[in-house]
Structure formats: structure tokens, C-alpha cells
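First up is the structure itself, then whatever we jot down about it.
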Amino acid sequence: MNPAEPAAAWAVLLIVSPLAAAVIAFLVQRRAAGVAYVNAVLMTVAALGLLDAVADRPLTYALGDWGAPLGIELYADSLTGILLVATSLIILSITFYAPDYLARTRTRRSFWPLTFFLHAALNGLYLSADVFNLYVALELLCLAAVALVALGDSTAAVTAALRYLLASLVASLAYLLGVALLYHTYGALDLTVLAEASRGGAPPWAALGLMTAGLLIKGGLFPLHFWLPRAHSEAPAPVSALLSGLVVKAPFYVLLRLWYGPFEDAPQAVGELLGVLGSVAIVWGSLQALRQERLKLLVAYSTVAQIGYLFLFFPLARAATVVDAVTVFIIAHALAKAAMFLAAGNMLYCLGHDRIQELDSIAGRLPLSLAAFGIAGMCIMGLPPSGNFIAKWLLIEAAFESGAWAWAVVIIAGSLLSAAYVFRVVGHAFTPEHGFEGGTPITTSMAWVPFLISLLALLLGLIAAPLLEVVELPALAADAATVRAP
Amino acid sequence: MTAPGLYALVGVALFCMSLHAVIVTESPLRKVLAVNVMSSGVFLVLVALARRAPGTLPDPVPHAMVITGIVVAVSATALAIVLINRLRADGEGL
């Protein structure tokens, strides 16, 4: 038996299982939560299995033995594996949180099928090896995410969802036009082939501009983040956690693969520009977060700021530690932001509002949720031993290695600003109660899930070193083990 | 200029014009229509560029991409219209 075959089986399962779960959950809606537990556990096992199988050697698998360009090839390396594990862990924890949170809403029946589609899209995206397949995965992701935002069920939520959809569609079409230009120039869609064929010229540079612009809109990088704060804050809390924790990272991942593939020789100025936009996002997003009256909007603007850190990758792309830095950052931010949104969701659920000024007495009423928010806040600030600390440390190291210390200043300034907005919330939460009684009690799992995720985010720094040993450069390996049907 | 080159240019022009329309129009339905025209522009570019050399058969891969793209565009339009209908039911006029 070919040693790569188990890995291929895990990869196929990672796409097929959530799709099957979506159909089953749609047909037997009463048992949807049960399907969700089974699927989430299965996905975690499959992602760990795949990570273990591809840690030594990346895998390419031609589905149905139809090779590129007409067939679809899956690709998995250690970066894919780690992101798949992080995705399934976040979805697993949301599976324990969402049934209670959504129990009384009108839209709870639609939550599970859409979440499964979202999961399938994310897995498919991380396993894709060609630029067109990435487009399809991005579109499926966008449709599922938009429908999930609309589950907020208020006029504001539906307006935010429509805005998100239109921005995302324009972005996809820009990306697709870029794909057309790339295919016209190189006659290939496969990332490895494109990387080898990569050369300058007008059409590839136009493709670079179009595809990058599309992915920046989808990733919500300043100034193209206009749709993000409303969409992330009007959605129900479990959806906000999925969107901020996982969905905005997907376009960045695509850009990362492109940067080591067809756009390998992109002019340094493009990387510098992305870094500048990232820096402005860090400062501007944090300042906006400080100004917000509502807790969920504050957390959403914090996402706008944190996305900026990811884009500091591009000016520093040649430094040795930068891939490690962004990998840890993606996971650390996913955990911390999921914990923050779920904790904020508990406060909204209990009080019926999330006005920061009126969060008094939360310390006595929701001690675990406030602890989760505080710990996740510490992670976002980048205090040790959180994963964010390691990531920022590695980024600063990369900045000094490249002799570009200005980026290090931005990284530190962003940490200080995030401390300001986290303390603003925690400060209000501890102020004495103004005679507020009642409120809706939250369930045990709603209290514990955000707390446990925040602890995981805090302790991520301690397990980051073994995690990083397996990460390689995100260039697709041409010598990947290939599996074909017998 | 060859015919496919002309078609590709028309496709790019449609893309740019409808991008402008998406940004400046107020009505959500018009925005959705503009996005549809925009996708037609991209499909036109894909089909036009499929013919690589005169007298040869066109490359089938871009055609497959257009078919997938149409499916995506139809689903996205359906979702957008559901959202717009919902807003209208809430009294947010078009």
C-alpha cells in the first residue's frame, strides 16, 4: 500500500463529511445538533490524521484519477494540516456552544447546514492546489458566511449580510478576472506549475493587482474592511466567532500561497504597500475599537486591527521567521477572537444588550465569561505565554532581520492600543451595579466554552515550538507524494 | 485586431462599467444587476481567451470555468434576492 494513501483518505473525508452532514442536517433538522457533534469530532480526528501523515512529505491527490487541468487535485502539506486542525477545533468548540445560545431563536434550524457548508468550504480551500478551485472554495465560503450573518434576523443583520455579499461578489469577480489572465499567460491553473512558469509581463502583473485587490476585500484589510464590522457584530455570537476566527483568514491564506507561487517575483513595492495598509489597519482599527459604544462592534474593530498584523508578512516575506510568525498568529487570533466573541455573546444574551457603558455587575453575574474576555484580551495584547506573544516576537525578529525596524514600532504600538480597549471593557464590567436585577441565565456549556478556548489561546505559546517544527515554507512542493487510483 | 481580442476588450469594458455601477448606484437590486453584468464581462474574457490560435479548436478549460462561474453567479443572485426581499418585508424600500 502506498504510504500516502491514508492521507488521501483523510483529505477526501475532510471535504465529503461536512457536505454530507449539511444535507443530513437539512433533512432531519431535529437531530442536527447530534450530527454536528459527530461531524466535529470526526473532522478533528481527520485533520490530526492528515497533519500526522503529511508532516514528513506533502501529498498531492488527483480526485477520481483525473489530473490537472480538467480534474481536481488536492494538495496537503504541514501548513494545510495545522490550519485544518485549528479550524476543526474552533468548530468543535462552537458545536458545544451554539445549541444553547440559539435555542430560542427563529433561525436555529438553518444554523447547522450553513455551518457545515462553511466548514466544507474552509477545508476545501486549504486543500486546493489550483487557482480556480480556490475561487470555487472562496465563493462557497462567501455564500455560507453571508447566509449565516443573515441569521441575526434583524433588519440591521440582513442589511449587513447584503453589503457583505455584494462586496464579496465584486471581490470574487476581480479574482476570477485575474485567474483568466493567469491562465491566458501560462496556460495553467496549478499553483506548482504557475510557480515554475512565473515571469513578469503586463498580464501577470494585472492578475496580481486584480487577485490581490479581491482577496483584500474578502480579508477585510483597511481600507477595504467597510463591510466587516457590521457583518461580524450583527451576526449571532457563534457566527461572529466563526467569521472573525476563521473566515477572514482564508483569503489571506490564498494570498500567502500565491505569494510563494505565481507572484514569487512580485515587486518589493507591492509587499511594502500591503505592509503599510496593514500598519494603518492596526492603528485605525484599534482607535475605532476604542470609540465603540457596543461590545460586539468593539470586538469586530479589533479584528480589523488584528488582520493588519497578518499583512506585515508581505514586506518581511524574505525573513526566516515570518512564516512561523503568521502561522502562529492565525491560530492564536482564531482562538482568542472566538473566545472574545462568545464571551461577548454571553453578556448580550444575559443582559439583552451589549452597551459597554452599562456592563456593570457582569463580574458578579458572569464571572467565567468576563474571565474569558479578559484572558482573550491579554492574548490579543500579546502578553506571554500566549500564542500572540510568540507571533509578535517572531514578527519583530523578522523586522530586525530585514533591517526594517519601523514595522516593529507598529507591532508594539498596536499592542498598547489593544490593551487600552480591553481594559476599557473590563473596567466597566467591574463597576458597581445600578440596581439591575434579572437577566437571562446562561447555561453551563455557554459559560465554559469561551473560558476554555481563552485558556487554550493563552497556553498556545507553550506548545508553539513543537507546532512550528513541522511548518515549512508555503510554496507547494513539486516532489509531493502522488496518489492515483489503482 | 482579432475578433477574440475585441471580445476580451469588450469583456473588460463591461467589468469596469459595472464595477462603477455597483459603487455609485443606491438601489440594492441595481447593484445585484450590476454584479451580474460584471460576471458576464469576466465570462466573455474567459471565452474569448480560450481561442489561442486561429484555425485551432478552442481550449475547453476556460469553458468549464465559465460553466462553474455561471452556477456560482446564479446561486449568489438567488441569495441576494432573498436578502433584498427580506429587507423589503421589513419596510426598507428599494
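Letters for chains follow the order of the C-alpha cells (A, B, ...), residue numbers begin at 1 for each chain, and ligand numbers begin at 1 in the order shown.
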Exercise: Pro466 of chain A partners within 12 Å, only C-alpha atoms, chain neighbours under 5 positions left out, as a PDB file with N, CA and C atoms, in the first residue's frame:
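What follows is the written file result-v7.pdb:
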ATOM      1  N   ALA A  55       3.208  15.457   7.634  1.00  0.00           N
ATOM      2  CA  ALA A  55       4.261  16.212   8.313  1.00  0.00           C
ATOM      3  C   ALA A  55       5.615  15.976   7.653  1.00  0.00           C
ATOM      4  N   ILE A  82      -2.013  22.015   9.798  1.00  0.00           N
ATOM      5  CA  ILE A  82      -2.166  22.813  11.019  1.00  0.00           C
ATOM      6  C   ILE A  82      -3.412  23.692  10.939  1.00  0.00           C
ATOM      7  N   ASP A 324       6.601  31.213  10.236  1.00  0.00           N
ATOM      8  CA  ASP A 324       6.250  30.741  11.578  1.00  0.00           C
ATOM      9  C   ASP A 324       5.366  31.768  12.270  1.00  0.00           C
ATOM     10  N   VAL A 328       1.480  30.960  13.576  1.00  0.00           N
ATOM     11  CA  VAL A 328       1.076  31.042  14.981  1.00  0.00           C
ATOM     12  C   VAL A 328       0.026  32.140  15.146  1.00  0.00           C
ATOM     13  N   LEU A 460      -1.173  28.567  24.230  1.00  0.00           N
ATOM     14  CA  LEU A 460      -0.675  28.189  22.902  1.00  0.00           C
ATOM     15  C   LEU A 460       0.824  28.447  22.775  1.00  0.00           C
ATOM     16  N   GLY A 461       1.281  29.521  23.440  1.00  0.00           N
ATOM     17  CA  GLY A 461       2.703  29.855  23.349  1.00  0.00           C
ATOM     18  C   GLY A 461       3.588  28.724  23.838  1.00  0.00           C
ATOM     19  N   VAL A 471       6.188  23.162  10.420  1.00  0.00           N
ATOM     20  CA  VAL A 471       5.769  24.089   9.369  1.00  0.00           C
ATOM     21  C   VAL A 471       6.904  24.340   8.388  1.00  0.00           C
TER      22      VAL A 471
END
Strand (DSSP E or B) positions in segment 70-113 of chain A, given as JSON, numbers by chain: {"A": [73, 74, 75, 76]}
Which residue of B:Val37, B:Ala53, B:Ala76, B:Leu6 approaches chain A most closely, using only C-alpha atoms: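 Checking each candidate against chain A, we get B:Ala76 as the closest.
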Using 8 Å as the limit and counting only C-alpha atoms, can you tabulate each residue of chain A that touches chain B, with its shortest atom-to-atom distance in Å and the two atoms involved, as a Markdown table?
| residue | atom | partner | partner_atom | distance |
| --- | --- | --- | --- | --- |
| A:Pro69 | CA | B:Val61 | CA | 7.2 |
| A:Leu70 | CA | B:Val61 | CA | 6.4 |
| A:Phe132 | CA | B:Met65 | CA | 7.6 |
| A:Val136 | CA | B:Val72 | CA | 7.9 |
| A:Glu139 | CA | B:Val72 | CA | 7.1 |
| A:Leu143 | CA | B:Ala76 | CA | 6.7 |
| A:Ala147 | CA | B:Leu79 | CA | 7.7 |
| A:Ala150 | CA | B:Leu83 | CA | 7.8 |
| A:Thr155 | CA | B:Leu87 | CA | 6.5 |
| A:Val158 | CA | B:Leu83 | CA | 6.3 |
| A:Thr159 | CA | B:Leu87 | CA | 7.3 |
| A:Ala161 | CA | B:Leu83 | CA | 7.8 |
| A:Leu162 | CA | B:Leu83 | CA | 6.4 |
| A:Leu165 | CA | B:Ala80 | CA | 7.2 |
| A:Leu166 | CA | B:Val32 | CA | 7.3 |
| A:Leu169 | CA | B:Val35 | CA | 7.2 |
| A:Val170 | CA | B:Val35 | CA | 6.7 |
| A:Leu173 | CA | B:Ser39 | CA | 6.3 |
| A:Leu176 | CA | B:Val42 | CA | 7.2 |
| A:Leu177 | CA | B:Val42 | CA | 5.7 |
| A:Ala180 | CA | B:Leu46 | CA | 5.7 |
| A:His184 | CA | B:Leu49 | CA | 6.4 |
Nearby residues (only C-alpha atoms) at most 12 Å from segment 354-366 of chain A, same-chain spacing under 6 positions excluded, as a VMD selection string: chain A and resid 233 to 234 237 289 to 299 341 343 to 348 372 to 374 421 to 444 446 to 448 450 to 451
Non-local contacts of segment 38-53 of chain A (10 Å; only C-alpha atoms; under 5 positions in same chain excluded) as a ChimeraX atom specification: /A:3-15,17-18,20-22,33,58-59,76-96,116,119,123,470
Contact residues around Leu9 of chain B with only C-alpha atoms at 10 Å, ignoring same-chain residues under 4 positions, as a compact mmCIF listing (two decimals) with N, CA and C atoms, in the first residue's frame:
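around-v9.txt, freshly written:
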# COMPACT_ATOMS: atom_id res chain seq x y z
N ALA B 3 -10.84 39.11 -33.72
CA ALA B 3 -12.16 39.09 -33.07
C ALA B 3 -12.08 38.69 -31.60
N PRO B 4 -11.33 37.60 -31.23
CA PRO B 4 -11.27 37.25 -29.80
C PRO B 4 -10.70 38.39 -28.95
N GLY B 5 -9.68 39.09 -29.48
CA GLY B 5 -9.09 40.21 -28.74
C GLY B 5 -10.14 41.28 -28.48
N ALA B 13 -14.30 46.01 -20.60
CA ALA B 13 -15.09 47.24 -20.52
C ALA B 13 -16.36 47.02 -19.69
N LEU B 14 -17.04 45.88 -19.95
CA LEU B 14 -18.25 45.57 -19.15
C LEU B 14 -17.90 45.47 -17.67
N PHE B 15 -16.77 44.83 -17.39
CA PHE B 15 -16.33 44.66 -16.00
C PHE B 15 -16.15 46.04 -15.34
N GLY B 41 -19.09 40.00 -18.04
CA GLY B 41 -17.86 40.55 -18.60
C GLY B 41 -16.69 39.61 -18.40
N LEU B 44 -17.01 36.62 -20.63
CA LEU B 44 -16.68 36.96 -22.02
C LEU B 44 -15.17 36.93 -22.21
N VAL B 45 -14.44 37.48 -21.24
CA VAL B 45 -12.98 37.45 -21.32
C VAL B 45 -12.50 36.01 -21.37
N ALA B 48 -13.35 34.38 -24.73
CA ALA B 48 -12.57 34.98 -25.82
C ALA B 48 -11.13 34.49 -25.79
Coordinates-based distance that separates atom CA of Tyr309 of chain A from atom CA of Gly275 of chain A (Å, one decimal):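 Those two atoms sit 8.5 Å apart.
The space separating atom CA of Ile217 of chain A from atom CA of Phe252 of chain A comes to 10.5 Å.
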Separation of atom CA of Ile375 of chain A from atom CA of Leu459 of chain A in Å: 10.5 Å
Distance query Phe111 of chain A at most 12 Å, only C-alpha atoms, self and fewer than 6 positions along chain excluded, as a ChimeraX atom specification: /A:22,25-26,29,32-33,36,94-95,98-99,101-103,105,117-118,144-153,235-239,242
Based on DSSP run over this structure's backbone, return all residues of segment 52-91 of chain A in alpha helix (DSSP H), as a PDB file with N, CA and C atoms, in the first residue's frame.
ATOM      1  N   ASP A  52      -0.558  14.423  10.713  1.00  0.00           N
ATOM      2  CA  ASP A  52       0.444  13.415  11.029  1.00  0.00           C
ATOM      3  C   ASP A  52       1.001  12.798   9.742  1.00  0.00           C
ATOM      4  N   ALA A  53       0.105  12.543   8.767  1.00  0.00           N
ATOM      5  CA  ALA A  53       0.530  11.860   7.544  1.00  0.00           C
ATOM      6  C   ALA A  53       1.364  12.750   6.631  1.00  0.00           C
ATOM      7  N   VAL A  54       1.095  14.073   6.626  1.00  0.00           N
ATOM      8  CA  VAL A  54       1.813  14.933   5.673  1.00  0.00           C
ATOM      9  C   VAL A  54       2.971  15.684   6.329  1.00  0.00           C
ATOM     10  N   SER A  78       2.238  20.516   5.684  1.00  0.00           N
ATOM     11  CA  SER A  78       2.085  20.710   7.124  1.00  0.00           C
ATOM     12  C   SER A  78       1.295  21.984   7.439  1.00  0.00           C
ATOM     13  N   LEU A  79       1.456  23.041   6.615  1.00  0.00           N
ATOM     14  CA  LEU A  79       0.690  24.271   6.853  1.00  0.00           C
ATOM     15  C   LEU A  79      -0.809  23.990   6.708  1.00  0.00           C
ATOM     16  N   THR A  80      -1.170  23.266   5.622  1.00  0.00           N
ATOM     17  CA  THR A  80      -2.564  22.857   5.438  1.00  0.00           C
ATOM     18  C   THR A  80      -3.058  22.109   6.667  1.00  0.00           C
ATOM     19  N   GLY A  81      -2.252  21.126   7.107  1.00  0.00           N
ATOM     20  CA  GLY A  81      -2.658  20.282   8.229  1.00  0.00           C
ATOM     21  C   GLY A  81      -2.923  21.092   9.475  1.00  0.00           C
ATOM     22  N   ILE A  82      -2.013  22.015   9.798  1.00  0.00           N
ATOM     23  CA  ILE A  82      -2.166  22.813  11.019  1.00  0.00           C
ATOM     24  C   ILE A  82      -3.412  23.692  10.939  1.00  0.00           C
ATOM     25  N   LEU A  83      -3.648  24.298   9.777  1.00  0.00           N
ATOM     26  CA  LEU A  83      -4.828  25.154   9.646  1.00  0.00           C
ATOM     27  C   LEU A  83      -6.109  24.329   9.722  1.00  0.00           C
ATOM     28  N   LEU A  84      -6.081  23.113   9.174  1.00  0.00           N
ATOM     29  CA  LEU A  84      -7.267  22.254   9.252  1.00  0.00           C
ATOM     30  C   LEU A  84      -7.546  21.857  10.696  1.00  0.00           C
ATOM     31  N   VAL A  85      -6.486  21.567  11.466  1.00  0.00           N
ATOM     32  CA  VAL A  85      -6.676  21.207  12.877  1.00  0.00           C
ATOM     33  C   VAL A  85      -7.276  22.399  13.626  1.00  0.00           C
ATOM     34  N   ALA A  86      -6.718  23.594  13.403  1.00  0.00           N
ATOM     35  CA  ALA A  86      -7.233  24.782  14.095  1.00  0.00           C
ATOM     36  C   ALA A  86      -8.696  25.015  13.738  1.00  0.00           C
ATOM     37  N   THR A  87      -9.039  24.879  12.444  1.00  0.00           N
ATOM     38  CA  THR A  87     -10.418  25.071  12.002  1.00  0.00           C
ATOM     39  C   THR A  87     -11.353  24.101  12.708  1.00  0.00           C
ATOM     40  N   SER A  88     -10.968  22.813  12.739  1.00  0.00           N
ATOM     41  CA  SER A  88     -11.901  21.848  13.329  1.00  0.00           C
ATOM     42  C   SER A  88     -12.010  22.046  14.837  1.00  0.00           C
ATOM     43  N   LEU A  89     -10.934  22.500  15.494  1.00  0.00           N
ATOM     44  CA  LEU A  89     -11.026  22.758  16.939  1.00  0.00           C
ATOM     45  C   LEU A  89     -12.001  23.888  17.242  1.00  0.00           C
ATOM     46  N   ILE A  90     -11.918  24.970  16.461  1.00  0.00           N
ATOM     47  CA  ILE A  90     -12.835  26.096  16.677  1.00  0.00           C
ATOM     48  C   ILE A  90     -14.278  25.644  16.434  1.00  0.00           C
ATOM     49  N   ILE A  91     -14.489  24.885  15.350  1.00  0.00           N
ATOM     50  CA  ILE A  91     -15.852  24.458  15.038  1.00  0.00           C
ATOM     51  C   ILE A  91     -16.345  23.468  16.094  1.00  0.00           C
TER      52      ILE A  91
END
